[in-house]
Structure formats: C-alpha cells, structure tokens
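Shown below: query-v9.txt, with compact mmCIF, C-alpha atoms.
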# COMPACT_ATOMS: atom_id res chain seq x y z
CA MET M 1 -92.80 16.86 96.64
CA SER M 2 -95.57 17.19 94.08
CA SER M 3 -98.93 15.54 94.41
CA ALA M 4 -98.16 13.44 91.36
CA THR M 5 -95.09 12.08 93.11
CA LEU M 6 -97.08 11.20 96.19
CA THR M 7 -99.64 9.47 94.11
CA LEU M 8 -97.15 7.37 92.24
CA ARG M 9 -95.58 6.31 95.52
CA ASN M 10 -99.00 5.36 96.82
CA ARG M 11 -99.54 3.31 93.73
CA VAL M 12 -96.49 1.30 94.59
CA ASN M 13 -96.95 0.99 98.31
CA GLY M 14 -100.69 1.01 98.59
CA GLY M 15 -103.31 -1.43 97.46
CA SER M 16 -105.79 -1.31 94.65
CA HIS M 17 -107.99 1.13 96.53
CA ASN M 18 -105.58 3.88 95.59
CA GLU M 19 -105.42 3.11 91.92
CA ASN M 20 -108.29 5.29 90.81
CA ALA M 21 -106.90 8.25 92.73
CA ASN M 22 -103.43 7.54 91.37
CA ASP M 23 -104.70 7.44 87.84
CA SER M 24 -106.36 10.76 88.33
CA GLU M 25 -103.07 12.19 89.65
CA TRP M 26 -101.24 10.87 86.59
CA HIS M 27 -103.93 12.65 84.60
CA VAL M 28 -103.23 15.85 86.53
CA TRP M 29 -99.49 15.59 85.87
CA LEU M 30 -100.16 15.02 82.20
CA GLU M 31 -102.64 17.91 82.02
CA GLU M 32 -100.09 20.20 83.60
CA HIS M 33 -97.02 19.26 81.61
CA GLY M 34 -98.34 17.64 78.43
CA PRO M 35 -99.23 20.89 76.62
CA ARG M 36 -95.77 22.34 77.26
CA PHE M 37 -94.08 19.23 75.96
CA LEU M 38 -96.27 19.15 72.89
CA LEU M 39 -95.66 22.84 72.14
CA PHE M 40 -91.91 22.28 72.26
CA ALA M 41 -92.19 19.08 70.23
CA ARG M 42 -94.20 20.90 67.55
CA HIS M 43 -91.24 23.24 67.10
CA GLN M 44 -88.92 20.28 66.67
CA ALA M 45 -91.03 18.07 64.42
CA ARG M 46 -92.18 18.45 60.86
CA SER M 47 -95.66 17.11 61.41
CA GLU M 48 -98.24 16.86 64.17
CA ALA M 49 -98.01 13.07 64.22
CA ASP M 50 -94.25 13.22 64.70
CA ALA M 51 -94.64 15.78 67.47
CA GLN M 52 -97.08 13.56 69.36
CA ASP M 53 -94.83 10.54 68.94
CA LEU M 54 -91.89 12.53 70.26
CA VAL M 55 -93.81 13.55 73.37
CA GLN M 56 -95.00 10.03 74.08
CA GLU M 57 -91.55 8.50 73.63
CA ALA M 58 -89.87 11.19 75.67
CA ILE M 59 -92.26 10.97 78.62
CA PHE M 60 -91.96 7.23 79.00
CA GLU M 61 -88.24 7.09 78.25
CA SER M 62 -87.56 9.77 80.87
CA TRP M 63 -89.79 8.02 83.35
CA GLU M 64 -87.97 4.74 82.88
CA ARG M 65 -84.58 6.41 83.04
CA ARG M 66 -85.47 7.93 86.38
CA GLY M 67 -86.23 4.43 87.55
CA ASP M 68 -87.90 5.14 90.88
CA GLY M 69 -91.49 5.49 89.72
CA GLU M 70 -91.55 9.20 90.30
CA PRO M 71 -92.34 11.60 87.47
CA PRO M 72 -89.29 12.88 85.62
CA PRO M 73 -88.26 16.54 85.82
CA ALA M 74 -89.59 18.59 82.94
CA ALA M 75 -86.07 19.52 81.83
CA LEU M 76 -85.26 15.85 81.28
CA VAL M 77 -88.37 15.35 79.15
CA PHE M 78 -87.59 18.46 77.08
CA ALA M 79 -84.01 17.26 76.56
CA THR M 80 -85.27 13.82 75.50
CA ILE M 81 -87.75 15.37 73.06
CA ARG M 82 -84.91 17.32 71.48
CA ARG M 83 -82.64 14.30 71.18
CA ARG M 84 -85.36 12.14 69.71
CA ALA M 85 -86.28 14.92 67.28
CA ILE M 86 -82.69 15.02 66.03
CA ASP M 87 -82.77 11.24 65.54
CA LEU M 88 -86.10 11.49 63.78
CA ALA M 89 -84.85 14.25 61.47
CA ARG M 90 -81.88 12.11 60.46
CA ARG M 91 -84.13 9.14 59.73
CA ALA M 92 -86.60 11.25 57.80
CA GLU M 93 -84.02 12.98 55.62
CA SER M 94 -85.03 10.91 52.60
CA ARG M 95 -88.64 11.96 52.83
CA LYS M 96 -87.82 15.58 53.44
CA GLY M 97 -89.89 17.04 50.65
CA ARG M 98 -93.08 15.35 51.71
CA GLU M 99 -92.62 16.43 55.32
CA VAL M 100 -91.97 20.04 54.38
CA LEU M 101 -95.23 20.07 52.48
CA ALA M 102 -96.96 18.65 55.51
CA ALA M 103 -95.42 21.31 57.72
CA GLU M 104 -96.67 24.07 55.45
CA ASP M 105 -100.20 22.82 55.92
CA TYR M 106 -99.78 22.55 59.68
CA PRO M 107 -103.35 22.73 60.91
CA GLU M 108 -102.83 22.64 64.68
CA LEU M 109 -103.02 25.72 66.87
CA TRP M 110 -100.11 25.95 69.26
CA PHE M 111 -101.86 28.10 71.83
CA ASP M 112 -105.03 27.68 73.82
CA SER M 113 -107.14 30.37 72.25
CA LYS M 114 -110.50 31.78 73.11
CA PRO M 115 -112.42 32.66 69.97
CA GLU M 116 -111.70 36.37 70.41
CA ASP M 117 -107.95 35.71 70.79
CA ARG M 118 -107.59 33.24 67.97
CA GLU M 119 -106.32 35.76 65.45
CA ARG M 120 -103.72 37.10 67.87
CA ASP M 121 -102.51 33.62 68.79
CA LEU M 122 -102.28 32.57 65.18
CA PHE M 123 -100.22 35.68 64.48
CA LEU M 124 -97.95 34.80 67.40
CA GLN M 125 -97.63 31.24 66.11
CA GLN M 126 -96.56 32.52 62.69
CA ALA M 127 -94.10 34.92 64.28
CA MET M 128 -92.64 32.10 66.34
CA ASN M 129 -92.27 30.10 63.14
CA LYS M 130 -90.26 32.94 61.60
CA LEU M 131 -87.83 33.04 64.51
CA PRO M 132 -84.53 31.21 64.16
CA ALA M 133 -84.79 27.83 65.87
CA ILE M 134 -82.07 28.66 68.39
CA TYR M 135 -84.15 31.59 69.69
CA ARG M 136 -87.48 29.80 69.43
CA ASP M 137 -86.33 26.83 71.52
CA VAL M 138 -85.04 28.99 74.36
CA ILE M 139 -88.10 31.25 74.39
CA THR M 140 -90.46 28.28 74.40
CA LEU M 141 -88.64 26.52 77.24
CA LYS M 142 -88.40 29.72 79.28
CA LEU M 143 -91.89 31.16 78.82
CA TRP M 144 -94.04 28.08 78.35
CA GLY M 145 -91.80 25.37 79.75
CA ASP M 146 -91.11 27.30 82.98
CA LEU M 147 -87.47 26.23 82.97
CA THR M 148 -84.61 28.21 84.43
CA PHE M 149 -81.65 29.14 82.22
CA ALA M 150 -79.61 26.44 83.97
CA GLU M 151 -82.26 23.83 83.07
CA ILE M 152 -82.51 25.16 79.51
CA ALA M 153 -78.74 24.85 79.24
CA VAL M 154 -78.96 21.18 80.18
CA ALA M 155 -81.93 20.50 77.92
CA LEU M 156 -80.36 22.14 74.86
CA ASP M 157 -76.76 21.22 75.68
CA ILE M 158 -75.52 24.81 75.61
CA PRO M 159 -73.94 27.07 78.26
CA ALA M 160 -76.38 28.90 80.53
CA ASN M 161 -75.02 32.29 79.45
CA THR M 162 -75.68 31.39 75.84
CA ALA M 163 -79.23 30.42 76.75
CA ALA M 164 -79.76 33.76 78.48
CA SER M 165 -78.38 35.82 75.61
CA ARG M 166 -80.36 33.85 73.03
CA TYR M 167 -83.46 34.52 75.12
CA ARG M 168 -82.85 38.27 75.13
CA TYR M 169 -82.09 38.48 71.41
CA GLY M 170 -84.96 36.16 70.55
CA LEU M 171 -87.42 38.10 72.64
CA ALA M 172 -86.39 41.35 70.97
CA GLU M 173 -86.82 39.78 67.54
CA LEU M 174 -90.19 38.32 68.49
CA ARG M 175 -91.25 41.70 69.74
CA ASP M 176 -90.37 43.26 66.37
CA LEU M 177 -92.32 40.56 64.57
CA THR M 178 -95.42 40.98 66.74
CA LYS M 179 -95.61 44.76 67.09
CA ALA M 180 -98.94 44.67 65.34
CA ILE M 181 -100.56 42.64 68.11
CA PHE M 182 -98.40 43.69 71.09
CA PRO M 183 -98.00 47.46 70.64
CA MET R 1 -86.19 47.10 74.19
CA THR R 2 -85.90 48.37 77.76
CA ASP R 3 -86.11 46.06 80.78
CA GLN R 4 -89.57 47.40 81.53
CA GLU R 5 -90.78 46.73 78.01
CA GLN R 6 -89.25 43.28 78.12
CA ASN R 7 -90.97 42.44 81.40
CA ARG R 8 -94.30 43.61 80.08
CA PHE R 9 -93.86 41.66 76.87
CA GLU R 10 -92.90 38.53 78.83
CA ALA R 11 -95.97 38.91 81.03
CA GLU R 12 -98.21 39.23 77.99
CA LEU R 13 -96.71 36.14 76.42
CA ARG R 14 -96.99 34.13 79.62
CA GLU R 15 -100.71 34.82 79.71
CA ILE R 16 -101.05 32.89 76.51
CA LYS R 17 -101.13 29.21 77.41
CA ALA R 18 -99.94 26.31 75.32
CA ALA R 19 -102.77 24.48 73.59
CA ARG R 20 -104.21 21.52 75.43
CA LEU R 21 -103.41 18.05 74.20
CA PRO R 22 -105.64 16.84 71.37
CA GLU R 23 -108.23 14.48 72.81
CA ASP R 24 -107.14 11.38 70.92
CA PHE R 25 -103.50 11.94 71.85
CA ARG R 26 -104.43 12.56 75.48
CA SER R 27 -106.39 9.30 75.56
CA ARG R 28 -103.49 7.44 74.03
CA LEU R 29 -101.12 8.75 76.68
CA LEU R 30 -103.50 8.03 79.53
CA ALA R 31 -104.01 4.50 78.31
CA ALA R 32 -100.28 3.87 78.63
CA ALA R 33 -99.46 3.81 82.33
CA PRO R 34 -96.07 5.17 83.37
CA PRO R 35 -93.59 2.76 84.93
CA THR R 36 -93.83 2.42 88.71
CA LYS R 37 -91.78 0.84 91.46
CA ALA R 38 -93.90 -2.28 91.07
CA CYS R 39 -91.85 -3.05 87.99
CA PRO R 40 -88.58 -1.53 89.03
CA VAL R 41 -86.07 -0.53 86.46
CA ARG R 42 -82.45 -1.00 87.39
CA ARG R 43 -81.25 2.36 88.59
CA PRO R 44 -78.10 3.62 86.93
CA TRP R 45 -75.10 4.52 89.05
CA PRO R 46 -75.01 8.14 90.14
CA ALA R 47 -72.74 10.11 87.84
CA PRO R 48 -69.89 10.67 90.36
CA VAL R 49 -69.77 6.96 91.20
CA ALA R 50 -69.91 5.94 87.55
CA LEU R 51 -67.17 8.44 86.70
CA GLY R 52 -65.12 7.17 89.62
CA TRP R 53 -65.39 3.62 88.36
CA GLN R 54 -64.49 4.77 84.87
CA ARG R 55 -61.32 6.37 86.25
CA VAL R 56 -60.51 3.22 88.21
CA ARG R 57 -60.96 1.12 85.11
CA ARG R 58 -59.06 3.55 82.91
CA PHE R 59 -55.97 3.70 85.13
CA PHE R 60 -55.91 0.54 87.19
CA ILE R 61 -56.68 -2.04 84.52
CA PRO R 62 -53.68 -1.07 82.35
CA ALA R 63 -51.59 -0.85 85.52
CA ALA R 64 -52.73 -4.33 86.55
CA VAL R 65 -51.95 -5.71 83.10
CA ALA R 66 -48.51 -4.11 83.19
CA ALA R 67 -47.88 -5.55 86.65
CA ALA R 68 -48.97 -9.02 85.54
CA LEU R 69 -46.66 -8.82 82.51
CA THR R 70 -43.80 -7.74 84.74
CA VAL R 71 -44.37 -10.71 87.03
CA VAL R 72 -44.52 -13.10 84.08
CA VAL R 73 -41.34 -11.68 82.56
CA TRP R 74 -39.58 -11.75 85.93
CA ARG R 75 -40.58 -15.37 86.59
CA HIS R 76 -39.58 -16.39 83.09
CA GLY R 77 -36.23 -14.67 83.58
CA SER R 78 -35.64 -16.37 86.92
CA GLN R 79 -36.47 -19.76 85.38
CA MET R 80 -34.01 -19.11 82.58
CA ASN R 81 -31.37 -18.21 85.14
CA LYS R 82 -32.07 -21.42 87.04
CA ALA R 83 -31.75 -23.46 83.84
CA ALA R 84 -28.49 -21.70 83.01
CA ARG R 85 -27.20 -22.41 86.49
CA LYS R 86 -28.17 -26.08 86.08
CA VAL R 87 -26.28 -26.28 82.80
CA GLN R 88 -23.27 -24.73 84.49
CA ASN R 89 -23.49 -27.35 87.22
CA VAL R 90 -23.42 -30.25 84.78
CA SER R 91 -20.06 -32.06 84.59
CA PRO R 92 -17.66 -30.69 81.98
CA ALA R 93 -17.52 -34.02 80.13
CA VAL R 94 -21.24 -33.86 79.42
CA ALA R 95 -21.27 -30.22 78.64
CA THR R 96 -18.48 -30.31 76.06
CA VAL R 97 -19.34 -29.87 72.43
CA PRO R 98 -19.25 -33.06 70.28
CA ARG R 99 -16.31 -33.29 67.87
CA ALA R 100 -16.87 -34.53 64.36
CA ASP R 101 -14.70 -37.43 63.23
CA ASP R 102 -16.46 -37.74 59.94
CA VAL R 103 -19.00 -35.68 57.98
CA GLN R 104 -20.53 -37.08 54.80
CA ILE R 105 -22.68 -35.09 52.41
CA ALA R 106 -24.56 -37.06 49.80
CA GLN R 107 -27.20 -36.45 47.15
CA ASP R 108 -29.29 -39.52 46.33
CA LEU R 109 -31.46 -39.55 43.22
CA VAL R 110 -34.73 -41.17 44.23
CA SER R 111 -36.64 -40.99 40.94
CA SER R 112 -36.64 -39.26 37.59
CA PHE R 113 -39.31 -38.92 34.94
CA ASP R 114 -40.30 -36.69 32.03
CA THR R 115 -43.66 -35.07 31.45
CA VAL R 116 -45.13 -32.94 28.68
CA ALA R 117 -47.27 -29.84 29.14
CA THR R 118 -48.87 -27.48 26.61
CA LEU R 119 -48.33 -23.73 26.56
CA PRO R 120 -51.35 -21.41 25.96
CA THR R 121 -50.04 -20.97 22.41
CA GLY R 122 -50.44 -24.70 21.86
CA GLU R 123 -46.71 -25.40 21.84
CA PRO R 124 -45.74 -28.55 23.77
CA VAL R 125 -43.03 -28.28 26.44
CA ARG R 126 -41.25 -31.19 28.00
CA PHE R 127 -40.18 -31.13 31.66
CA GLN R 128 -37.70 -33.36 33.41
CA CYS R 129 -38.66 -34.02 37.05
CA GLN R 130 -36.13 -35.41 39.49
CA ARG R 131 -36.62 -36.26 43.18
CA TRP R 132 -33.47 -35.98 45.26
CA VAL R 133 -32.61 -36.53 48.91
CA ASP R 134 -29.82 -34.41 50.36
CA LYS R 135 -28.16 -36.28 53.23
CA VAL R 136 -25.67 -35.05 55.85
CA THR R 137 -24.12 -37.60 58.23
CA PHE R 138 -22.19 -36.44 61.29
CA THR R 139 -20.15 -38.97 63.27
CA ASP R 140 -18.41 -38.65 66.68
CA LYS R 141 -16.80 -42.03 67.17
CA SER R 142 -15.46 -41.20 70.63
CA ARG R 143 -19.02 -40.99 71.95
CA GLY R 144 -20.62 -43.39 69.47
CA LEU R 145 -22.70 -40.53 68.14
CA VAL R 146 -24.12 -40.52 64.59
CA LEU R 147 -26.38 -37.64 63.46
CA GLU R 148 -28.06 -37.86 60.08
CA GLU R 149 -30.26 -35.25 58.40
CA ARG R 150 -32.20 -36.07 55.23
CA ARG R 151 -33.97 -33.41 53.23
CA PRO R 152 -36.03 -34.28 50.11
CA ARG R 153 -35.82 -31.95 47.12
CA VAL R 154 -37.57 -31.82 43.72
CA GLU R 155 -35.99 -30.40 40.59
CA ILE R 156 -38.10 -29.59 37.54
CA VAL R 157 -36.16 -28.59 34.44
CA PRO R 158 -37.81 -27.60 31.15
CA VAL R 159 -36.24 -29.33 28.22
CA ARG R 160 -35.99 -27.35 25.01
CA PHE R 161 -36.63 -29.09 21.75
CA GLU R 162 -33.20 -28.25 20.41
CA ILE R 163 -31.66 -29.82 23.51
CA TYR R 164 -34.03 -32.74 23.48

Let's see the structure in the file written out as structure tokens.
Amino acid sequence: MSSATLTLRNRVNGGSHNENANDSEWHVWLEEHGPRFLLFARHQARSEADAQDLVQEAIFESWERRGDGEPPPAALVFATIRRRAIDLARRAESRKGREVLAAEDYPELWFDSKPEDRERDLFLQQAMNKLPAIYRDVITLKLWGDLTFAEIAVALDIPANTAASRYRYGLAELRDLTKAIFP
Amino acid sequence: MTDQEQNRFEAELREIKAARLPEDFRSRLLAAAPPTKACPVRRPWPAPVALGWQRVRRFFIPAAVAAALTVVVWRHGSQMNKAARKVQNVSPAVATVPRADDVQIAQDLVSSFDTVATLPTGEPVRFQCQRWVDKVTFTDKSRGLVLEERRPRVEIVPVRFEIY
C-alpha cells in the first residue's frame, strides 16, 4: 500500500492533527503522478488549457469512481483522460480551426529539461508530435506512464498484443526520427 | 532495431522525465481536495455481481412476465369454463332461444327541411335534410317479450335546380 493511500485513510479515521501530513501526502501523490498525466493529456488535447482541464477532471472523476477515498490507479486516470479528450474533441469540432492554430503555437515543454538538455528535449517533443497518435499514446503510457501492456490495453481499449506491437513499431519510428540526438 | 538497441534507446528515453506541473495548475489541483471516506460515494457493484444481476434481470424478468400471463390466461379460461358449465346447468326452458311471433320494421320521418349553401364558384346549391328513425320491433308473445331497437339516421340530398 502506498504512502498516499495510508495518508488518505488517516485523513478519514484520524483527527485534525493528521490533516497537514495528509495534505502533504496528497501533494506527494500529485507530484509523482501529475506530470505523467499532464504529458499524456497534452498529446490528447489541442491546447495547454484543455490538457490541464482534462487532467483535473480525470483525477477527481477517477477518485470519486473508486469511492473508498484511496487514490485511483494510474491506468484508470489515463483511461479517463482519453475518454474525456474524445468528448472534448467532439464538442470542439466547430472551433477546430482556432484550436489547430493554438496547437501550432504550443509553448509548453513536455519534458523536464536542464538548460543543456533543452534542445534535445525539444527535438524529442517534435519527433513525438510527428509520430502517429496510436504509437505516441502507447509509448507515452509505457515509458513515462510506467504502465504494463495489460494496463495500456485497458486504458486505450485495445488488445494487449496490439499495444505491444504498436510500442515496438512506434519505438522504431521514433528512433528513426531522433537519430540526430540519439545516435 | 535489435533488442539491445531497443533496450538502450528505452533507457535513454526513460531518463528524460515528464515536465513538472505548471505552478498555477499545481496550486489549482492542490486547492481542490480529493474525495475521502468522510464524504463517502456510493460504491458501485463489483463487475461480476453487476453482470450476474444483469443476467438475472435479462432472463428472469421475461420469464416471470410469461409465467404471470400464463396464470392469468389459465384463470380466465377456468372462469369461462365455469360460466359455460353454469349455463349448461340452467333449466332448458330458460336456456331456449326466444321465438319471434312478430317482427316489425319501420322508418319514421322525424323532420325535414331545406337549406341553401354556396359553392366556391358562387353558385347556390340547395340541400334537403331529413331525419329518420329506423325501428325494429321483435315480439315473443309466449314469454311476453318485446324487444325494440331504434336507430336515428340523417339523409342529406342535394337538389339540382332543374329538379327543383
């Protein structure tokens, strides 16, 4: 059981003296998982604001769905982000042109770069953008989401074998696109 | 790409971490506390139980409806049989069909009047309206039975000028 789980249980069972500690544990859980969720959401959304909204909705919806006060499994949050992104894309169809323009000017960096690595990470970000979405989703969930292929299958609603093959093909394509920075 | 190359590439990619949450977004999330047991949310049924109930509902509800219909039909049938048996038990004198001594059919003219209407072309048309009552009287003198049926009827006949 994770420390975040313990903390949330304490919040329920314990008194107010635990609340500060519990809040800090919620912070820890968010620090650990939030960046992964946001990275995945940025692939799904057309703007940074949409990506952040997706993450917020997905975290709290998954938490409520679990219903026992314990943090939801990451796979559930990823799956919820994807479903909400599909809903959002349908709603935003009419303002497609504006959103595409916004996406082209996407200012956010997807990776946590030191100054000396910024160029490499930006190159990787652009390469990831060039990948077909079906490869990009699997690679993101596997490498940065730390999900197994079985969990990816659930999150993306595809068979596990398909997830594994997409990962292999996607990785090979990403490798071709990034030969300049990963020789 | 060989397995070795793939592993090395994966390791290199894993070293690159996802960007931290933007500060304003992080604050927004932290400000919103996650739900806890203190405000419990109704827990959904586990999937096997829910599926089990779905199967029960899918198969047993139609079966129950069919069974109820069968019972209703069976009871209705048994009541009909009882009624038929009762009729059979009635004395033959009562159960015999009445015999008509006299049947009268009459048509009584109640009222008659003419009216004039105008066609869309402006031409006047005269109508003759008659109210009738058709009457059938059935008499069985042996039982002192008289049955009478009256049915009102309206006849509207256009009257042409050449006829009029």

With 9 Å as the cut-off and only C-alpha atoms counted, what is the closest atom pair between each nearby residue of chain M and chain R? Distances in Å to one decimal, ordered by chain and number, as a tab-separated table.
residue	atom	partner	partner_atom	distance
M:Leu8	CA	R:Thr36	CA	6.9
M:Arg9	CA	R:Lys37	CA	7.8
M:Arg11	CA	R:Thr36	CA	7.7
M:Val12	CA	R:Ala38	CA	5.6
M:Asn13	CA	R:Ala38	CA	8.5
M:Asp23	CA	R:Leu30	CA	8.4
M:Trp26	CA	R:Leu30	CA	7.9
M:His27	CA	R:Leu30	CA	6.9
M:Leu30	CA	R:Leu30	CA	8.2
M:Glu31	CA	R:Arg20	CA	7.7
M:Gly34	CA	R:Leu21	CA	6.6
M:Pro35	CA	R:Arg20	CA	5.2
M:Arg36	CA	R:Ala18	CA	6.1
M:Leu38	CA	R:Leu21	CA	7.3
M:Leu39	CA	R:Ala18	CA	6.4
M:Gln52	CA	R:Phe25	CA	7.1
M:Gln56	CA	R:Leu29	CA	6.8
M:Ile59	CA	R:Pro34	CA	8.4
M:Phe60	CA	R:Pro34	CA	6.3
M:Trp63	CA	R:Pro35	CA	6.7
M:Glu64	CA	R:Pro35	CA	6.3
M:Arg65	CA	R:Arg43	CA	7.6
M:Arg66	CA	R:Arg43	CA	7.3
M:Gly67	CA	R:Val41	CA	5.1
M:Asp68	CA	R:Lys37	CA	5.8
M:Gly69	CA	R:Thr36	CA	4.0
M:Glu70	CA	R:Thr36	CA	7.3
M:Pro71	CA	R:Pro34	CA	8.5
M:Leu109	CA	R:Ala19	CA	6.8
M:Trp110	CA	R:Ala19	CA	5.3
M:Phe111	CA	R:Ala19	CA	4.1
M:Asp112	CA	R:Ala19	CA	3.9
M:Ser113	CA	R:Ala19	CA	7.5
M:Asp121	CA	R:Ile16	CA	7.9
M:Leu143	CA	R:Arg14	CA	6.0
M:Trp144	CA	R:Arg14	CA	6.8
M:Arg168	CA	R:Gln6	CA	8.7
M:Leu171	CA	R:Gln6	CA	7.8
M:Ala172	CA	R:Met1	CA	6.6
M:Arg175	CA	R:Phe9	CA	7.6
M:Phe182	CA	R:Phe9	CA	7.6

I want to know what sits within 8 Å of Ser111 in chain R, based on only C-alpha atoms, with residues of the same chain fewer than 3 positions away left out; could you give that as a PyMOL selection string? chain R and resi 130-132

Near-Cys129 in chain R list (10 Å; all atoms listed in the file; drop same-chain fewer than 3 positions) as a short mmCIF file (atom, residue, chain, number, x, y, z; two decimals) with C-alpha atoms, in the coordinates of the input:
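What landed in around-v4.cif:
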data_model
loop_
_atom_site.label_atom_id
_atom_site.label_comp_id
_atom_site.auth_asym_id
_atom_site.auth_seq_id
_atom_site.Cartn_x
_atom_site.Cartn_y
_atom_site.Cartn_z
CA SER R 111 -36.64 -40.99 40.94
CA SER R 112 -36.64 -39.26 37.59
CA PHE R 113 -39.31 -38.92 34.94
CA ASP R 114 -40.30 -36.69 32.03
CA THR R 115 -43.66 -35.07 31.45
CA ARG R 126 -41.25 -31.19 28.00
CA TRP R 132 -33.47 -35.98 45.26
CA VAL R 154 -37.57 -31.82 43.72
CA GLU R 155 -35.99 -30.40 40.59
CA ILE R 156 -38.10 -29.59 37.54
CA VAL R 157 -36.16 -28.59 34.44
CA PRO R 158 -37.81 -27.60 31.15
#

As a check of understanding: the span from CA of Lys135 in chain R to CA of Arg151 in chain R is 6.5 Å

One decimal, Å: what's the distance from CA of Asn81 in chain R over to CA of Ala68 in chain R, could you say?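 It comes out at 19.9 Å.
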
Give the answer as one residue: which of M:Ala41, M:Leu174, M:Leu122, M:Ala49 has the shortest atom-to-atom distance to Ala85 in chain M, using only C-alpha atoms?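 With only C-alpha atoms as the atom set, the closest residue is M:Ala41.
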
Nearby residues, (-82.2, 14.3, 66.5) file frame, 12 Å, all atoms listed in the file, as a tab-separated table (two decimals) with C-alpha atoms, in the frame of the given file:
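So the final result, stored in selection_16.tsv, reads:
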chain	number	residue	atom	x	y	z
M	41	ALA	CA	-92.19	19.08	70.23
M	44	GLN	CA	-88.92	20.28	66.67
M	45	ALA	CA	-91.03	18.07	64.42
M	54	LEU	CA	-91.89	12.53	70.26
M	79	ALA	CA	-84.01	17.26	76.56
M	80	THR	CA	-85.27	13.82	75.50
M	81	ILE	CA	-87.75	15.37	73.06
M	82	ARG	CA	-84.91	17.32	71.48
M	83	ARG	CA	-82.64	14.30	71.18
M	84	ARG	CA	-85.36	12.14	69.71
M	85	ALA	CA	-86.28	14.92	67.28
M	86	ILE	CA	-82.69	15.02	66.03
M	87	ASP	CA	-82.77	11.24	65.54
M	88	LEU	CA	-86.10	11.49	63.78
M	89	ALA	CA	-84.85	14.25	61.47
M	90	ARG	CA	-81.88	12.11	60.46
M	91	ARG	CA	-84.13	9.14	59.73
M	92	ALA	CA	-86.60	11.25	57.80
M	93	GLU	CA	-84.02	12.98	55.62
M	156	LEU	CA	-80.36	22.14	74.86

In Å, rounded to a single decimal, give me how far CA of Glu151 in chain M is from CA of Leu76 in chain M. 8.7 Å

So which one's closest to Asp108 in chain R, R:Lys141, R:Arg150, R:His76, R:Lys82? Using all atoms listed in the file, please. R:Arg150

Measuring between only C-alpha atoms, which one of M:Glu48, M:Asp157, M:Glu57, M:Glu173 shows the shortest distance to Pro132 in chain M? M:Glu173

Could you check which of M:Val28, M:Ala164, M:Val55, M:Ala75 is closest to Ile134 in chain M, using all atoms listed in the file? M:Ala164
